[in-house]
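Beneath this line is the structure, given in structure tokens, with notes to follow.
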Amino acid sequence: MTWRRRGLLLIAAAVSLSTGAGAQRVRVGSHGGLTFARITELDPTRAFGGFPVSRADRIGAQAGVFATLHMRDDWSLQPEVNYTQKGVRVETSFAPVDGGPATIDIAVDYVEIPVLLRLDAARNRPWHPFVVAGPQLGIRVRCQTDLVTGGSTFSSRCAAPDATLFTIDTPFTRTEVAGVAGLGVT
């Protein structure tokens, strides 16, 4: 995960909606928002034979559930389970079918499980800021590539063994480990 993507996810987290209900010591809830993902690890010169390319962010959704477990003073532990859509759109003059330009959409979805340490400021007020940070495990649940060229669309799973249409060698592993940091208001 690149620093740029982390920053974009931070912005998405800041504008996401959050709801919760629970006892004084344990609070459970749900949240959701938008993701603005750009995959920078994909080497377009290798994937597209050196043809010029341009990349665009994939705007996706993020939704999840969390539990905030009060520990001491203003500190809490906040485990979460989130479904997150990531990916990229690549446009290139690479022409596998008809000699025209091509667009390749790569959609990668993850179930992400962060375990965050949370610090609430001015906890005694109804609305107050908080900071979270911690590790996250991501498990890939979907990886789809769509090639659009000459009015035709070809779809494939990432690095699918069926190369009769096309195969894109992607750097996506089944799992990823990342760090998460964020700010919010509750």
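Convention: chains lettered A, B, ... in structure tokens order; per-chain residue numbering from 1; ligands numbered from 1 as shown.
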
Please provide as a PyMOL selection string all residues within 8 Å of Val177 in chain A, with the sequence filter that same-chain residues fewer than 3 positions apart are discarded (counting only C-alpha atoms). chain A and resi 135-138

Generate a file of the selected residues that holds N, CA and C atoms, formatted as an mmCIF file, in the first residue's frame.
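Dumped everything to part-v1.cif:
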```cif
data_model
loop_
_atom_site.group_PDB
_atom_site.id
_atom_site.type_symbol
_atom_site.label_atom_id
_atom_site.label_comp_id
_atom_site.auth_asym_id
_atom_site.auth_seq_id
_atom_site.Cartn_x
_atom_site.Cartn_y
_atom_site.Cartn_z
ATOM 1 N N PRO A 135 -2.330 -2.173 13.164
ATOM 2 C CA PRO A 135 -2.098 -3.054 12.015
ATOM 3 C C PRO A 135 -3.415 -3.514 11.389
ATOM 4 N N GLN A 136 -3.307 -3.983 10.144
ATOM 5 C CA GLN A 136 -4.481 -4.470 9.428
ATOM 6 C C GLN A 136 -4.095 -5.658 8.552
ATOM 7 N N LEU A 137 -4.941 -6.668 8.540
ATOM 8 C CA LEU A 137 -4.799 -7.806 7.644
ATOM 9 C C LEU A 137 -5.874 -7.682 6.580
ATOM 10 N N GLY A 138 -5.476 -7.754 5.303
ATOM 11 C CA GLY A 138 -6.424 -7.717 4.196
ATOM 12 C C GLY A 138 -6.440 -9.061 3.487
#
```

Find the spatial neighbours of range 110-122 of chain A, counting only C-alpha atoms, within a cut-off of 12 Å - ignore same-chain residues fewer than 5 positions away - and output them as a ChimeraX atom specification. /A:60-87,127-143,172-186

Take CA of Ser156 in chain A and CA of Asp109 in chain A and report the distance between them in Å, one decimal.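 Calculated distance between CA of Ser156 in chain A and CA of Asp109 in chain A is 14.8 Å.
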
Quick one: of A:Asn124, A:Thr92, A:Ser54, A:Thr103, who's nearest to Thr149 in chain A, counting only C-alpha atoms?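 Counting only C-alpha atoms, the residue closest to Thr149 in chain A is A:Thr103.
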
Looking at only C-alpha atoms, which of A:Ile59, A:Val90, A:Ala37, A:Val26 is the one that sits closest to Asp105 in chain A? A:Val90

So how far away is CA of Leu147 in chain A from CA of Ser93 in chain A, in Å?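 Separation between CA of Ser93 in chain A and CA of Leu147 in chain A: 12.5 Å.
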
Interatomic distance, CA of Thr145 in chain A to CA of Val108 in chain A (Å, one decimal):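 Interatomic distance, CA of Thr145 in chain A to CA of Val108 in chain A: 8.8 Å.
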
Between A:Ile106, A:Arg89, A:Thr35, A:Arg125, which residue has the minimum interatomic distance to Cys158 in chain A, considering only C-alpha atoms?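 Smallest separation from Cys158 in chain A among the options: A:Ile106.
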